$ cat coords.cif   # mmCIF, N, CA and C atoms
data_entry
loop_
_atom_site.label_atom_id
_atom_site.label_comp_id
_atom_site.auth_asym_id
_atom_site.auth_seq_id
_atom_site.Cartn_x
_atom_site.Cartn_y
_atom_site.Cartn_z
N MET A 23 44.63 -24.20 3.26
CA MET A 23 45.74 -23.58 3.99
C MET A 23 45.19 -22.41 4.82
N THR A 24 45.49 -22.38 6.08
CA THR A 24 44.92 -21.36 6.95
C THR A 24 45.92 -20.32 7.42
N GLU A 25 47.14 -20.35 6.88
CA GLU A 25 48.13 -19.39 7.34
C GLU A 25 47.70 -17.97 6.98
N ASP A 26 48.05 -17.02 7.85
CA ASP A 26 47.77 -15.62 7.57
C ASP A 26 48.87 -15.07 6.69
N LEU A 27 48.49 -14.50 5.55
CA LEU A 27 49.46 -13.89 4.66
C LEU A 27 49.46 -12.39 4.87
N ALA A 28 50.64 -11.83 4.97
CA ALA A 28 50.78 -10.38 5.08
C ALA A 28 50.75 -9.80 3.67
N GLU A 29 50.40 -8.54 3.56
CA GLU A 29 50.40 -7.86 2.27
C GLU A 29 51.54 -6.87 2.21
N GLY A 30 52.10 -6.70 1.02
CA GLY A 30 53.20 -5.76 0.88
C GLY A 30 53.46 -5.42 -0.57
N GLU A 31 54.52 -4.63 -0.77
CA GLU A 31 54.94 -4.22 -2.10
C GLU A 31 56.44 -4.45 -2.21
N ILE A 32 56.85 -5.08 -3.31
CA ILE A 32 58.27 -5.33 -3.56
C ILE A 32 58.97 -4.00 -3.82
N ARG A 33 60.02 -3.73 -3.07
CA ARG A 33 60.78 -2.49 -3.25
C ARG A 33 62.14 -2.75 -3.91
N ARG A 34 62.68 -3.97 -3.69
CA ARG A 34 63.97 -4.32 -4.26
C ARG A 34 64.11 -5.83 -4.26
N ILE A 35 64.76 -6.36 -5.29
CA ILE A 35 65.03 -7.80 -5.37
C ILE A 35 66.51 -7.98 -5.67
N ASP A 36 67.18 -8.81 -4.90
CA ASP A 36 68.58 -9.17 -5.15
C ASP A 36 68.63 -10.68 -5.31
N ALA A 37 68.42 -11.14 -6.55
CA ALA A 37 68.36 -12.57 -6.82
C ALA A 37 69.67 -13.27 -6.49
N SER A 38 70.80 -12.58 -6.64
CA SER A 38 72.09 -13.21 -6.40
C SER A 38 72.29 -13.60 -4.94
N THR A 39 71.65 -12.87 -4.03
CA THR A 39 71.78 -13.19 -2.60
C THR A 39 70.49 -13.77 -2.04
N GLY A 40 69.44 -13.84 -2.87
CA GLY A 40 68.17 -14.39 -2.41
C GLY A 40 67.46 -13.51 -1.42
N ARG A 41 67.64 -12.19 -1.57
CA ARG A 41 66.99 -11.26 -0.64
C ARG A 41 65.99 -10.38 -1.39
N VAL A 42 64.95 -10.01 -0.65
CA VAL A 42 63.91 -9.15 -1.21
C VAL A 42 63.53 -8.12 -0.15
N THR A 43 63.41 -6.87 -0.59
CA THR A 43 62.97 -5.80 0.30
C THR A 43 61.48 -5.59 0.06
N ILE A 44 60.70 -5.65 1.15
CA ILE A 44 59.25 -5.52 1.05
C ILE A 44 58.76 -4.44 2.00
N ARG A 45 57.96 -3.51 1.47
CA ARG A 45 57.23 -2.56 2.32
C ARG A 45 55.93 -3.27 2.66
N HIS A 46 55.75 -3.59 3.92
CA HIS A 46 54.63 -4.47 4.30
C HIS A 46 53.75 -3.87 5.37
N GLY A 47 52.55 -4.43 5.46
CA GLY A 47 51.64 -4.11 6.54
C GLY A 47 51.98 -4.97 7.75
N VAL A 48 51.06 -5.07 8.66
CA VAL A 48 51.24 -5.87 9.86
C VAL A 48 51.50 -7.33 9.48
N ILE A 49 52.48 -7.95 10.13
CA ILE A 49 52.71 -9.39 9.98
C ILE A 49 52.31 -10.02 11.30
N LYS A 50 51.08 -10.56 11.33
CA LYS A 50 50.53 -11.09 12.58
C LYS A 50 51.38 -12.21 13.16
N SER A 51 51.87 -13.11 12.30
CA SER A 51 52.63 -14.27 12.78
C SER A 51 53.93 -13.88 13.48
N LEU A 52 54.45 -12.70 13.17
CA LEU A 52 55.69 -12.23 13.80
C LEU A 52 55.44 -11.09 14.79
N ASP A 53 54.16 -10.72 14.98
CA ASP A 53 53.80 -9.60 15.83
C ASP A 53 54.60 -8.36 15.44
N MET A 54 54.62 -8.07 14.12
CA MET A 54 55.45 -7.00 13.57
C MET A 54 54.57 -5.90 12.97
N PRO A 55 54.86 -4.65 13.31
CA PRO A 55 54.08 -3.54 12.73
C PRO A 55 54.50 -3.28 11.28
N PRO A 56 53.76 -2.45 10.57
CA PRO A 56 54.13 -2.11 9.20
C PRO A 56 55.50 -1.43 9.14
N MET A 57 56.27 -1.78 8.12
CA MET A 57 57.59 -1.19 7.89
C MET A 57 58.14 -1.69 6.57
N THR A 58 59.34 -1.24 6.22
CA THR A 58 60.04 -1.75 5.05
C THR A 58 61.27 -2.47 5.55
N MET A 59 61.45 -3.72 5.10
CA MET A 59 62.61 -4.48 5.56
C MET A 59 63.04 -5.53 4.55
N VAL A 60 64.23 -6.07 4.77
CA VAL A 60 64.81 -7.09 3.90
C VAL A 60 64.49 -8.47 4.47
N PHE A 61 64.03 -9.35 3.58
CA PHE A 61 63.77 -10.74 3.93
C PHE A 61 64.66 -11.63 3.07
N HIS A 62 65.01 -12.79 3.59
CA HIS A 62 65.72 -13.81 2.82
C HIS A 62 64.67 -14.77 2.26
N ALA A 63 64.89 -15.24 1.04
CA ALA A 63 63.98 -16.22 0.44
C ALA A 63 64.32 -17.61 0.97
N ALA A 64 63.32 -18.37 1.35
CA ALA A 64 63.53 -19.73 1.86
C ALA A 64 64.12 -20.63 0.76
N GLU A 65 63.73 -20.38 -0.48
CA GLU A 65 64.22 -21.16 -1.63
C GLU A 65 64.61 -20.19 -2.73
N PRO A 66 65.67 -20.50 -3.50
CA PRO A 66 66.13 -19.59 -4.56
C PRO A 66 65.05 -19.21 -5.58
N GLY A 67 64.20 -20.16 -5.96
CA GLY A 67 63.20 -19.89 -7.00
C GLY A 67 62.00 -19.10 -6.52
N LEU A 68 61.92 -18.85 -5.23
CA LEU A 68 60.75 -18.18 -4.66
C LEU A 68 60.55 -16.77 -5.24
N LEU A 69 61.63 -16.12 -5.62
CA LEU A 69 61.55 -14.73 -6.10
C LEU A 69 61.39 -14.63 -7.62
N SER A 70 61.48 -15.76 -8.32
CA SER A 70 61.39 -15.70 -9.79
C SER A 70 59.99 -15.23 -10.20
N GLY A 71 59.98 -14.39 -11.22
CA GLY A 71 58.71 -13.87 -11.72
C GLY A 71 58.24 -12.62 -11.00
N LEU A 72 58.90 -12.24 -9.91
CA LEU A 72 58.51 -11.03 -9.19
C LEU A 72 59.33 -9.85 -9.68
N LYS A 73 58.75 -8.65 -9.59
CA LYS A 73 59.49 -7.45 -9.98
C LYS A 73 59.18 -6.31 -9.01
N VAL A 74 60.04 -5.32 -9.00
CA VAL A 74 59.86 -4.15 -8.14
C VAL A 74 58.52 -3.51 -8.47
N GLY A 75 57.77 -3.18 -7.44
CA GLY A 75 56.46 -2.56 -7.60
C GLY A 75 55.31 -3.54 -7.50
N ASP A 76 55.60 -4.85 -7.58
CA ASP A 76 54.53 -5.86 -7.47
C ASP A 76 53.91 -5.81 -6.08
N LYS A 77 52.59 -5.89 -6.04
CA LYS A 77 51.86 -6.06 -4.78
C LYS A 77 51.81 -7.56 -4.52
N VAL A 78 52.14 -7.95 -3.29
CA VAL A 78 52.24 -9.37 -2.97
C VAL A 78 51.56 -9.70 -1.64
N ARG A 79 51.28 -10.98 -1.48
CA ARG A 79 50.90 -11.55 -0.20
C ARG A 79 52.00 -12.56 0.13
N PHE A 80 52.41 -12.59 1.40
CA PHE A 80 53.52 -13.48 1.73
C PHE A 80 53.44 -13.98 3.17
N ALA A 81 54.13 -15.08 3.39
CA ALA A 81 54.28 -15.64 4.73
C ALA A 81 55.75 -15.53 5.10
N ALA A 82 56.03 -15.18 6.35
CA ALA A 82 57.41 -15.04 6.80
C ALA A 82 57.55 -15.62 8.20
N GLU A 83 58.76 -16.03 8.51
CA GLU A 83 59.07 -16.51 9.86
C GLU A 83 60.49 -16.11 10.21
N GLN A 84 60.79 -16.19 11.49
CA GLN A 84 62.13 -15.86 11.95
C GLN A 84 62.87 -17.16 12.24
N GLN A 85 64.06 -17.30 11.63
CA GLN A 85 64.89 -18.48 11.82
C GLN A 85 66.32 -18.03 12.07
N GLN A 86 66.88 -18.41 13.20
CA GLN A 86 68.27 -18.10 13.54
C GLN A 86 68.59 -16.62 13.33
N GLY A 87 67.68 -15.75 13.78
CA GLY A 87 67.91 -14.32 13.72
C GLY A 87 67.65 -13.66 12.37
N LYS A 88 67.24 -14.44 11.38
CA LYS A 88 66.93 -13.87 10.06
C LYS A 88 65.43 -13.99 9.79
N PHE A 89 64.92 -13.04 9.04
CA PHE A 89 63.52 -13.09 8.63
C PHE A 89 63.46 -13.73 7.25
N ILE A 90 62.70 -14.79 7.15
CA ILE A 90 62.65 -15.62 5.96
C ILE A 90 61.26 -15.59 5.34
N VAL A 91 61.19 -15.33 4.03
CA VAL A 91 59.92 -15.45 3.30
C VAL A 91 59.78 -16.92 2.90
N THR A 92 58.70 -17.55 3.33
CA THR A 92 58.48 -18.96 3.04
C THR A 92 57.47 -19.18 1.92
N ARG A 93 56.70 -18.14 1.63
CA ARG A 93 55.71 -18.20 0.55
C ARG A 93 55.45 -16.78 0.10
N ILE A 94 55.33 -16.58 -1.21
CA ILE A 94 55.04 -15.24 -1.73
C ILE A 94 54.30 -15.37 -3.05
N VAL A 95 53.21 -14.63 -3.19
CA VAL A 95 52.41 -14.66 -4.40
C VAL A 95 52.01 -13.25 -4.80
N SER A 96 52.02 -12.98 -6.10
CA SER A 96 51.59 -11.67 -6.60
C SER A 96 50.08 -11.53 -6.45
N MET A 97 49.65 -10.33 -6.13
CA MET A 97 48.22 -10.03 -6.05
C MET A 97 47.77 -9.50 -7.41
N PRO A 98 46.54 -9.79 -7.79
CA PRO A 98 46.05 -9.28 -9.09
C PRO A 98 45.90 -7.77 -9.09
#
$ encode --input "coords.cif" --output "structure tokens"
Amino acid sequence: MTEDLAEGEIRRIDASTGRVTIRHGVIKSLDMPPMTMVFHAAEPGLLSGLKVGDKVRFAAEQQQGKFIVTRIVSMP
């Protein structure tokens, strides 16, 4: 897999709405500078096992005006 994963830290998780707030570095695929923002999970189970404070790598894309996390993994 050659996709570029952005790095970030989980700041908030709302499993009931499938949203996660991430303080992230540059997201090259979206030409986005570092900031803290809310992303929607592409799938409900994507956020399971994650907790506030986790350092993560993730892939995101923009779909119909929303920013969607399509892949997310905890960093060791």
$ resolve_selection --input "coords.cif" --expression "the PyMOL selection byres ((chain A and resi 25-36) around 6)" --output "ChimeraX atom specification"
/A:23-24,37-49,73-81
$ axis_aligned_box --input "coords.cif" --around "segment 83-94 of chain A" --padding-each-side "8 Å" --output "JSON"
{"center_x": 61.4, "center_y": -16.1, "center_z": 5.4, "size_x": 30.3, "size_y": 22.1, "size_z": 32.8}
$ resolve_selection --input "coords.cif" --expression "the PyMOL selection byres (((chain A and resi 61 and name CA) around 7) and name CA)" --output "list in words"
Arg41, Val42, Thr43, Met59, Val60, His62, Ala63, Phe89, Ile90 and Val91 of chain A
$ write_last_selection --input "coords.cif" --atoms "N, CA and C atoms" --output "PDB file, in the coordinates of the input"
ATOM      1  N   ARG A  41      67.640 -12.190  -1.570  1.00  0.00           N
ATOM      2  CA  ARG A  41      66.990 -11.260  -0.640  1.00  0.00           C
ATOM      3  C   ARG A  41      65.990 -10.380  -1.390  1.00  0.00           C
ATOM      4  N   VAL A  42      64.950 -10.010  -0.650  1.00  0.00           N
ATOM      5  CA  VAL A  42      63.910  -9.150  -1.210  1.00  0.00           C
ATOM      6  C   VAL A  42      63.530  -8.120  -0.150  1.00  0.00           C
ATOM      7  N   THR A  43      63.410  -6.870  -0.590  1.00  0.00           N
ATOM      8  CA  THR A  43      62.970  -5.800   0.300  1.00  0.00           C
ATOM      9  C   THR A  43      61.480  -5.590   0.060  1.00  0.00           C
ATOM     10  N   MET A  59      61.450  -3.720   5.100  1.00  0.00           N
ATOM     11  CA  MET A  59      62.610  -4.480   5.560  1.00  0.00           C
ATOM     12  C   MET A  59      63.040  -5.530   4.550  1.00  0.00           C
ATOM     13  N   VAL A  60      64.230  -6.070   4.770  1.00  0.00           N
ATOM     14  CA  VAL A  60      64.810  -7.090   3.900  1.00  0.00           C
ATOM     15  C   VAL A  60      64.490  -8.470   4.470  1.00  0.00           C
ATOM     16  N   HIS A  62      65.010 -12.790   3.590  1.00  0.00           N
ATOM     17  CA  HIS A  62      65.720 -13.810   2.820  1.00  0.00           C
ATOM     18  C   HIS A  62      64.670 -14.770   2.260  1.00  0.00           C
ATOM     19  N   ALA A  63      64.890 -15.240   1.040  1.00  0.00           N
ATOM     20  CA  ALA A  63      63.980 -16.220   0.440  1.00  0.00           C
ATOM     21  C   ALA A  63      64.320 -17.610   0.970  1.00  0.00           C
ATOM     22  N   PHE A  89      64.920 -13.040   9.040  1.00  0.00           N
ATOM     23  CA  PHE A  89      63.520 -13.090   8.630  1.00  0.00           C
ATOM     24  C   PHE A  89      63.460 -13.730   7.250  1.00  0.00           C
ATOM     25  N   ILE A  90      62.700 -14.790   7.150  1.00  0.00           N
ATOM     26  CA  ILE A  90      62.650 -15.620   5.960  1.00  0.00           C
ATOM     27  C   ILE A  90      61.260 -15.590   5.340  1.00  0.00           C
ATOM     28  N   VAL A  91      61.190 -15.330   4.030  1.00  0.00           N
ATOM     29  CA  VAL A  91      59.920 -15.450   3.300  1.00  0.00           C
ATOM     30  C   VAL A  91      59.780 -16.920   2.900  1.00  0.00           C
TER      31      VAL A  91
END
$ atom_distance --input "coords.cif" --atom1 "atom C of Gln84 of chain A" --atom2 "atom N of Pro98 of chain A"
26.9 Å
$ atom_distance --input "coords.cif" --atom1 "atom CA of Gly71 of chain A" --atom2 "atom CA of Asp53 of chain A"
28.3 Å
$ atom_distance --input "coords.cif" --atom1 "atom N of Glu65 of chain A" --atom2 "atom CA of Arg93 of chain A"
8.4 Å
$ select_by_dssp --input "coords.cif" --residues "chain A" --states "strand (DSSP E)" --output "ChimeraX atom specification"
/A:28-36,41-46,57-63,77-85,88-96
$ select_by_dssp --input "coords.cif" --residues "segment 30-74 of chain A" --states "helix (DSSP H, G or I)" --output "VMD selection string"
chain A and resid 50 to 52 66 to 69
